[in-house]
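Asks: Got a file for you: target.tsv, TSV, C-alpha atoms and all ligand atoms.
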chain	number	residue	atom	x	y	z
K	1292	MET	CA	-36.94	-17.58	51.19
K	1293	ASN	CA	-34.50	-15.79	48.89
K	1294	THR	CA	-31.27	-14.44	50.36
K	1295	GLN	CA	-29.71	-11.26	48.98
K	1296	GLU	CA	-27.10	-13.44	47.26
K	1297	ASP	CA	-29.81	-15.45	45.47
K	1298	LYS	CA	-31.42	-12.25	44.27
K	1299	THR	CA	-28.10	-10.94	42.95
K	1300	ALA	CA	-27.38	-14.25	41.24
K	1301	GLY	CA	-30.83	-14.14	39.59
K	1302	TYR	CA	-30.13	-10.63	38.36
K	1303	CYS	CA	-26.84	-11.79	36.84
K	1304	HIS	CA	-28.37	-14.78	35.10
K	1305	GLN	CA	-31.26	-13.45	33.09
K	1306	ASN	CA	-32.04	-15.07	29.76
K	1307	ILE	CA	-30.51	-12.89	27.06
K	1308	MET	CA	-31.16	-14.97	23.96
K	1309	GLU	CA	-33.48	-17.97	23.68
K	1310	LEU	CA	-33.94	-20.33	20.76
K	1311	ASP	CA	-37.18	-22.23	21.10
K	1312	GLN	CA	-37.69	-25.04	18.55
K	1313	VAL	CA	-36.25	-22.86	15.80
K	1314	SER	CA	-36.25	-24.14	12.21
K	1315	PHE	CA	-35.28	-22.40	9.02
K	1316	SER	CA	-35.45	-23.20	5.29
K	1317	TYR	CA	-34.25	-21.31	2.24
K	1318	LYS	CA	-37.08	-22.26	-0.14
K	1319	ASP	CA	-36.85	-26.08	-0.25
K	1320	GLN	CA	-33.52	-26.39	1.55
K	1321	LYS	CA	-33.96	-27.08	5.25
K	1322	VAL	CA	-30.95	-25.55	7.03
K	1323	ILE	CA	-31.88	-25.55	10.72
K	1324	THR	CA	-34.23	-27.98	12.47
K	1325	ASP	CA	-35.74	-27.62	15.95
K	1326	LEU	CA	-32.88	-25.73	17.53
K	1327	ASN	CA	-33.09	-25.05	21.28
K	1328	PHE	CA	-30.56	-23.06	23.27
K	1329	THR	CA	-30.47	-20.34	25.92
K	1330	ALA	CA	-27.68	-17.82	26.46
K	1331	LYS	CA	-27.76	-16.24	29.90
K	1332	GLU	CA	-26.42	-12.90	30.99
K	1333	ARG	CA	-22.60	-12.89	31.00
K	1334	ASP	CA	-22.28	-16.12	29.04
K	1335	PHE	CA	-19.67	-16.31	26.33
K	1336	VAL	CA	-21.13	-18.67	23.73
K	1337	GLY	CA	-18.94	-20.10	20.98
K	1338	ILE	CA	-20.87	-21.49	18.01
K	1339	ILE	CA	-18.97	-24.11	16.03
K	1340	GLY	CA	-19.96	-26.18	13.00
K	1341	SER	CA	-18.80	-27.25	9.55
K	1342	ASN	CA	-19.40	-25.03	6.51
K	1343	GLY	CA	-23.06	-24.79	5.60
K	1344	THR	CA	-24.53	-25.98	8.91
K	1345	GLY	CA	-26.45	-22.71	9.28
K	1346	LYS	CA	-24.41	-20.66	11.75
K	1347	THR	CA	-24.58	-17.39	9.82
K	1348	THR	CA	-28.26	-18.03	9.09
K	1349	LEU	CA	-28.82	-18.47	12.82
K	1350	LEU	CA	-27.11	-15.16	13.68
K	1351	LYS	CA	-29.13	-13.38	11.00
K	1352	MET	CA	-32.32	-14.70	12.59
K	1353	ILE	CA	-31.16	-13.59	16.02
K	1354	VAL	CA	-30.67	-10.00	14.80
K	1355	GLY	CA	-33.99	-10.02	12.94
K	1356	LEU	CA	-32.62	-10.03	9.37
K	1357	LEU	CA	-34.32	-13.39	8.68
K	1358	ALA	CA	-37.45	-14.82	10.27
K	1359	PRO	CA	-37.54	-18.47	11.44
K	1360	SER	CA	-39.76	-20.80	9.39
K	1361	SER	CA	-41.07	-22.07	12.72
K	1362	GLY	CA	-40.28	-21.71	16.41
K	1363	GLU	CA	-39.39	-18.53	18.27
K	1364	ILE	CA	-36.30	-16.51	19.14
K	1365	ARG	CA	-36.42	-14.19	22.14
K	1366	LEU	CA	-34.03	-11.36	23.00
K	1367	PHE	CA	-34.11	-10.15	26.61
K	1368	GLY	CA	-37.36	-12.12	27.00
K	1369	GLU	CA	-39.09	-10.52	24.02
K	1370	PRO	CA	-39.81	-12.18	20.64
K	1371	VAL	CA	-37.42	-10.81	18.02
K	1372	ARG	CA	-40.28	-9.66	15.78
K	1373	LYS	CA	-41.44	-7.32	18.56
K	1374	PHE	CA	-37.99	-6.37	19.86
K	1375	ARG	CA	-37.12	-2.67	19.39
K	1376	ASP	CA	-34.22	-2.11	21.76
K	1377	TRP	CA	-31.52	-2.68	19.13
K	1378	GLU	CA	-29.06	-0.35	20.86
K	1379	ARG	CA	-28.55	-3.14	23.38
K	1380	ILE	CA	-27.10	-5.33	20.66
K	1381	GLY	CA	-23.82	-5.06	18.74
K	1382	TYR	CA	-23.48	-7.17	15.59
K	1383	VAL	CA	-20.38	-7.66	13.50
K	1384	PRO	CA	-21.33	-9.62	10.37
K	1385	GLN	CA	-19.05	-12.02	8.53
K	1386	LYS	CA	-16.44	-10.86	6.02
K	1387	ASN	CA	-16.92	-7.15	6.11
K	1388	SER	CA	-15.00	-5.69	3.27
K	1389	PHE	CA	-15.20	-2.28	1.76
K	1390	ASN	CA	-14.64	-1.12	-1.75
K	1391	PRO	CA	-11.31	0.82	-1.54
K	1392	LEU	CA	-13.11	3.83	-3.02
K	1393	PHE	CA	-15.77	3.90	-0.31
K	1394	PRO	CA	-15.55	7.48	0.92
K	1395	ALA	CA	-16.41	7.20	4.67
K	1396	THR	CA	-13.70	7.72	7.26
K	1397	VAL	CA	-13.05	5.43	10.22
K	1398	LYS	CA	-14.64	7.97	12.56
K	1399	GLU	CA	-17.78	8.18	10.42
K	1400	VAL	CA	-18.16	4.40	10.26
K	1401	VAL	CA	-17.77	4.10	14.05
K	1402	MET	CA	-20.28	6.89	14.66
K	1403	SER	CA	-22.79	5.29	12.30
K	1404	GLY	CA	-23.17	2.63	15.03
K	1405	LEU	CA	-25.07	5.22	17.06
K	1406	TYR	CA	-27.79	5.25	14.43
K	1407	SER	CA	-27.94	1.57	13.61
K	1408	ASN	CA	-31.11	-0.40	13.24
K	1409	ARG	CA	-34.03	1.76	12.34
K	1410	LYS	CA	-33.04	4.81	14.34
K	1411	VAL	CA	-33.50	8.05	12.47
K	1412	LEU	CA	-30.43	10.27	12.00
K	1413	LYS	CA	-30.20	13.02	14.58
K	1414	ARG	CA	-27.74	15.71	15.55
K	1415	MET	CA	-24.46	14.61	17.08
K	1416	THR	CA	-24.17	15.48	20.77
K	1417	GLN	CA	-21.08	15.92	22.95
K	1418	GLY	CA	-21.98	12.58	24.58
K	1419	ASP	CA	-22.07	10.87	21.16
K	1420	ARG	CA	-18.60	12.20	20.37
K	1421	LYS	CA	-17.27	10.90	23.70
K	1422	LYS	CA	-18.79	7.46	23.08
K	1423	SER	CA	-17.11	7.35	19.69
K	1424	GLU	CA	-13.72	8.41	21.10
K	1425	ASP	CA	-13.95	5.77	23.84
K	1426	ALA	CA	-14.83	2.99	21.40
K	1427	MET	CA	-11.97	3.98	19.06
K	1428	GLU	CA	-9.50	4.11	21.92
K	1429	VAL	CA	-10.54	0.66	23.17
K	1430	MET	CA	-10.02	-0.77	19.69
K	1431	ARG	CA	-6.77	1.22	19.26
K	1432	ILE	CA	-7.83	3.00	16.07
K	1433	THR	CA	-7.69	6.61	17.30
K	1434	GLU	CA	-4.60	7.32	15.19
K	1435	ILE	CA	-6.36	6.27	11.99
K	1436	ALA	CA	-9.68	7.98	12.78
K	1437	ASP	CA	-9.52	10.25	9.71
K	1438	LYS	CA	-8.39	7.62	7.22
K	1439	ARG	CA	-10.77	6.19	4.67
K	1440	ILE	CA	-12.10	2.79	5.70
K	1441	GLY	CA	-11.46	1.35	2.21
K	1442	GLN	CA	-7.74	2.07	2.54
K	1443	LEU	CA	-7.21	0.03	5.71
K	1444	SER	CA	-5.98	-3.53	6.07
K	1445	GLY	CA	-8.47	-6.33	6.83
K	1446	GLY	CA	-7.42	-6.42	10.49
K	1447	GLN	CA	-7.76	-2.66	10.89
K	1448	GLN	CA	-11.19	-2.73	9.23
K	1449	GLN	CA	-12.26	-5.45	11.62
K	1450	ARG	CA	-11.27	-3.26	14.58
K	1451	VAL	CA	-13.35	-0.44	13.11
K	1452	PHE	CA	-16.41	-2.70	12.87
K	1453	LEU	CA	-15.89	-3.80	16.43
K	1454	ALA	CA	-15.65	-0.18	17.61
K	1455	ARG	CA	-18.88	0.50	15.70
K	1456	ALA	CA	-20.55	-2.45	17.44
K	1457	LEU	CA	-19.25	-1.35	20.85
K	1458	ILE	CA	-20.22	2.30	20.64
K	1459	ASN	CA	-23.57	1.87	22.38
K	1460	HIS	CA	-22.03	-0.33	25.11
K	1461	PRO	CA	-24.14	-3.30	24.03
K	1462	ASP	CA	-25.38	-5.89	26.50
K	1463	LEU	CA	-25.12	-8.55	23.80
K	1464	LEU	CA	-22.28	-8.65	21.26
K	1465	ILE	CA	-22.75	-10.95	18.27
K	1466	LEU	CA	-19.69	-11.79	16.19
K	1467	ASP	CA	-19.65	-13.85	13.00
K	1468	GLU	CA	-16.14	-15.22	12.43
K	1469	PRO	CA	-14.54	-11.99	13.56
K	1470	THR	CA	-10.91	-12.95	12.89
K	1471	VAL	CA	-11.15	-14.31	9.35
K	1472	GLY	CA	-8.34	-12.84	7.25
K	1473	ILE	CA	-6.53	-11.36	10.23
K	1474	ASP	CA	-2.90	-12.16	11.09
K	1475	ILE	CA	-2.10	-14.32	14.12
K	1476	GLN	CA	-0.86	-11.48	16.34
K	1477	THR	CA	-3.95	-9.36	15.69
K	1478	GLN	CA	-6.15	-12.42	16.27
K	1479	THR	CA	-4.46	-13.05	19.62
K	1480	ASP	CA	-4.84	-9.37	20.63
K	1481	PHE	CA	-8.48	-9.45	19.55
K	1482	PHE	CA	-9.32	-12.58	21.56
K	1483	ASP	CA	-7.44	-11.25	24.60
K	1484	LEU	CA	-9.53	-8.10	24.38
K	1485	ILE	CA	-12.93	-9.76	24.05
K	1486	PHE	CA	-12.15	-12.36	26.72
K	1487	HIS	CA	-11.09	-9.52	29.00
K	1488	MET	CA	-14.34	-7.71	28.24
K	1489	HIS	CA	-16.25	-10.87	29.00
K	1490	ALA	CA	-14.47	-11.39	32.29
K	1491	HIS	CA	-14.81	-7.81	33.52
K	1492	HIS	CA	-17.95	-6.36	31.96
K	1493	GLN	CA	-21.57	-7.27	32.20
K	1494	MET	CA	-21.71	-8.39	28.60
K	1495	THR	CA	-22.92	-11.51	26.84
K	1496	PHE	CA	-21.22	-12.80	23.69
K	1497	LEU	CA	-22.33	-15.01	20.82
K	1498	MET	CA	-19.47	-15.79	18.50
K	1499	VAL	CA	-19.32	-18.03	15.43
K	1500	SER	CA	-15.79	-19.28	14.91
K	1501	HIS	CA	-13.85	-22.00	13.14
K	1502	ASP	CA	-10.97	-21.59	15.59
K	1503	ILE	CA	-11.62	-24.72	17.64
K	1504	ASP	CA	-8.36	-24.37	19.63
K	1505	MET	CA	-9.24	-20.90	20.78
K	1506	ILE	CA	-12.82	-21.96	21.60
K	1507	GLU	CA	-11.70	-25.00	23.57
K	1508	ASN	CA	-9.01	-23.07	25.43
K	1509	TYR	CA	-11.43	-20.47	26.67
K	1510	LEU	CA	-14.75	-22.34	26.74
K	1511	GLY	CA	-13.68	-25.90	27.54
K	1512	LYS	CA	-13.53	-29.06	25.49
K	1513	GLU	CA	-17.15	-30.17	25.90
K	1514	PRO	CA	-19.99	-28.33	24.17
K	1515	LYS	CA	-22.84	-27.34	26.43
K	1516	ASP	CA	-25.33	-28.27	23.73
K	1517	ARG	CA	-25.46	-29.50	20.17
K	1518	SER	CA	-28.13	-29.66	17.53
K	1519	GLY	CA	-27.81	-30.71	13.89
K	1520	GLY	CA	-24.27	-29.80	12.93
K	1521	ILE	CA	-24.05	-26.87	15.35
K	1522	LYS	CA	-22.28	-27.06	18.71
K	1523	PHE	CA	-22.63	-24.46	21.45
K	1524	TYR	CA	-19.69	-24.02	23.84
K	1525	ALA	CA	-20.29	-21.72	26.79
K	1526	ARG	CA	-18.56	-20.12	29.73
K	1527	HIS	CA	-20.14	-17.86	32.30
K	1528	SER	CA	-18.41	-14.93	33.96
K	1529	HIS	CA	-19.88	-13.60	37.10
K	1530	ASP	CA	-18.84	-11.53	40.04
K	1531	PRO	CA	-21.05	-11.53	43.09
K	1532	HIS	CA	-21.92	-7.84	42.88
K	1533	CYS	CA	-22.59	-7.61	39.12
K	1534	GLU	CA	-20.54	-4.45	38.90
K	1535	ILE	CA	-20.25	-2.64	35.58
K	1536	PRO	CA	-16.93	-0.90	34.95
K	1537	ASP	CA	-16.96	1.61	32.08
K	1538	LEU	CA	-15.73	0.72	28.61
K	1539	GLN	CA	-12.36	2.44	29.16
K	1540	HIS	CA	-11.58	-0.25	31.72
K	1541	SER	CA	-10.90	-2.63	28.83
K	1542	LEU	CA	-7.84	-0.60	27.91
K	1543	ILE	CA	-6.05	-1.69	31.06
H	1	LIG	N1	-29.41	-16.32	0.84
H	1	LIG	C1	-29.39	-17.64	0.70
H	1	LIG	N2	-30.21	-18.24	-0.19
H	1	LIG	C2	-30.24	-19.58	-0.32
H	1	LIG	N3	-29.45	-20.43	0.38
H	1	LIG	C3	-28.61	-19.89	1.26
H	1	LIG	C4	-28.53	-18.48	1.49
H	1	LIG	N4	-27.62	-18.22	2.44
H	1	LIG	C5	-27.13	-19.43	2.81
H	1	LIG	N5	-27.72	-20.43	2.12
H	1	LIG	C6	-27.46	-21.88	2.28
H	1	LIG	O1	-27.81	-22.25	3.61
H	1	LIG	C7	-26.85	-23.14	4.15
H	1	LIG	C8	-26.32	-22.55	5.45
H	1	LIG	O2	-25.57	-21.37	5.16
H	1	LIG	P1	-24.86	-20.52	6.32
H	1	LIG	O3	-24.12	-19.40	5.65
H	1	LIG	O4	-25.84	-20.19	7.35
H	1	LIG	O5	-23.83	-21.61	6.89
H	1	LIG	P2	-22.59	-21.44	7.88
H	1	LIG	O6	-22.70	-22.54	8.87
H	1	LIG	O7	-22.53	-20.06	8.40
H	1	LIG	O8	-21.38	-21.74	6.88
H	1	LIG	P3	-19.83	-21.23	6.89
H	1	LIG	O9	-19.15	-21.98	7.99
H	1	LIG	O10	-19.35	-21.64	5.54
H	1	LIG	O11	-19.82	-19.73	7.09
H	1	LIG	C9	-25.80	-23.35	3.07
H	1	LIG	O12	-26.09	-24.57	2.40
H	1	LIG	C10	-25.98	-22.19	2.14
H	1	LIG	O13	-25.66	-22.53	0.83
Spell out the structure here as structure tokens.
Replies:
Amino acid sequence: MNTQEDKTAGYCHQNIMELDQVSFSYKDQKVITDLNFTAKERDFVGIIGSNGTGKTTLLKMIVGLLAPSSGEIRLFGEPVRKFRDWERIGYVPQKNSFNPLFPATVKEVVMSGLYSNRKVLKRMTQGDRKKSEDAMEVMRITEIADKRIGQLSGGQQQRVFLARALINHPDLLILDEPTVGIDIQTQTDFFDLIFHMHAHHQMTFLMVSHDIDMIENYLGKEPKDRSGGIKFYARHSHDPHCEIPDLQHSLI
């Protein structure tokens, strides 16, 4: 018989992202072969591998930008090709960089996260504005909200993309080498912030990184799984009551 604690633990450990015998080829070049892995709710998964092992390709498949050649990927239990609940997912792709002449402001880029992934533009509500203000405050970009994105430094731009990914309070945050081109202090602040979010929020993270020291410090020295050239490091955060503080909590 299940105790209340078992039920709570089950609720906190749902499968968020499953790779089931996933393979991928670009034309004749086989990049990923029979990959299996499951990320559970509140896992922080670090994905490590040499250049060209297919990490970015894997993330693109997970967010539905590429389809596997064979096998299946499931998000929240549903095959990606049928998945429609994209607001539950935040994605920060690799090496975002804007043409300096790109006219959008920081605020506009952050707010565009509300309409990501196939959602038709609609009128801005008071609630939307509040979400945007919260996300900018968490990423400490409120002061530069009216600046043009193309005029910011690489580190500031990265914070803007993170705010954009966070605006819908995603259950799953997917980051592709988020600290490339960012100075050491900003990298440290960034990792402190996302590790804090992992520890205190009901969020799951998938992060590709070449920063093996940072991965090992937070996720341990032994990968949970490996396949081809890709290693998956993982750490689970879990409190017995599965409480969800609001996003502003991350400021503290
Ligand atoms: N659009 C594409 N068309 C053809 N081949 C591609 C394409 N994108 C990537 N590749 C090839 O697929 C392989 C895997 O690329 P991918 O970018 O997924 O690797 P990665 O592990 O993310 O590498 P890195 O650590 O350098 O970012 C590489 O050999 C790359 O050249």
Asks: Hey, could you pull the box centre and edge lengths for range 1423-1441 of chain K, axis-aligned, 3 Å padding per side, all listed atoms, to one decimal in Å, as JSON?
Replies:
{"center_x": -10.9, "center_y": 4.7, "center_z": 13.0, "size_x": 18.5, "size_y": 17.0, "size_z": 27.6}
Asks: For the point (-21.7, 1.3, 20.7) in file coordinates, what residues are within 12 Å, counting only C-alpha atoms? Give the answer as a ChimeraX atom specification?
Replies: /K:1377-1383,1400-1407,1418-1427,1429-1430,1451-1464,1538
Asks: Show me which residues are within 7 Å of ligand LIG 1 (chain H) counting all atoms listed in the file, and format the list as number ranges by chain.
Replies: K: 1317, 1322, 1340-1349
Asks: Just how far from CA of Ile1485 in chain K is CA of Ile1323 in chain K, in Å to one decimal?
Replies: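 Separating CA of Ile1323 in chain K from CA of Ile1485 in chain K is a distance of 28.0 Å.
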Asks: When you look at Val1354 in chain K with a cut-off of 10 Å (counting only C-alpha atoms), what residues show up, excluding the ones that are within fewer than 2 positions of it in the same chain? I need them as a tab-separated table (two decimals) with C-alpha atoms, in the coordinates of the input.
Replies:
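New file around23.tsv:
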chain	number	residue	atom	x	y	z
K	1349	LEU	CA	-28.82	-18.47	12.82
K	1350	LEU	CA	-27.11	-15.16	13.68
K	1351	LYS	CA	-29.13	-13.38	11.00
K	1352	MET	CA	-32.32	-14.70	12.59
K	1356	LEU	CA	-32.62	-10.03	9.37
K	1357	LEU	CA	-34.32	-13.39	8.68
K	1358	ALA	CA	-37.45	-14.82	10.27
K	1364	ILE	CA	-36.30	-16.51	19.14
K	1366	LEU	CA	-34.03	-11.36	23.00
K	1371	VAL	CA	-37.42	-10.81	18.02
K	1372	ARG	CA	-40.28	-9.66	15.78
K	1374	PHE	CA	-37.99	-6.37	19.86
K	1377	TRP	CA	-31.52	-2.68	19.13
K	1380	ILE	CA	-27.10	-5.33	20.66
K	1381	GLY	CA	-23.82	-5.06	18.74
K	1382	TYR	CA	-23.48	-7.17	15.59
K	1408	ASN	CA	-31.11	-0.40	13.24
K	1465	ILE	CA	-22.75	-10.95	18.27
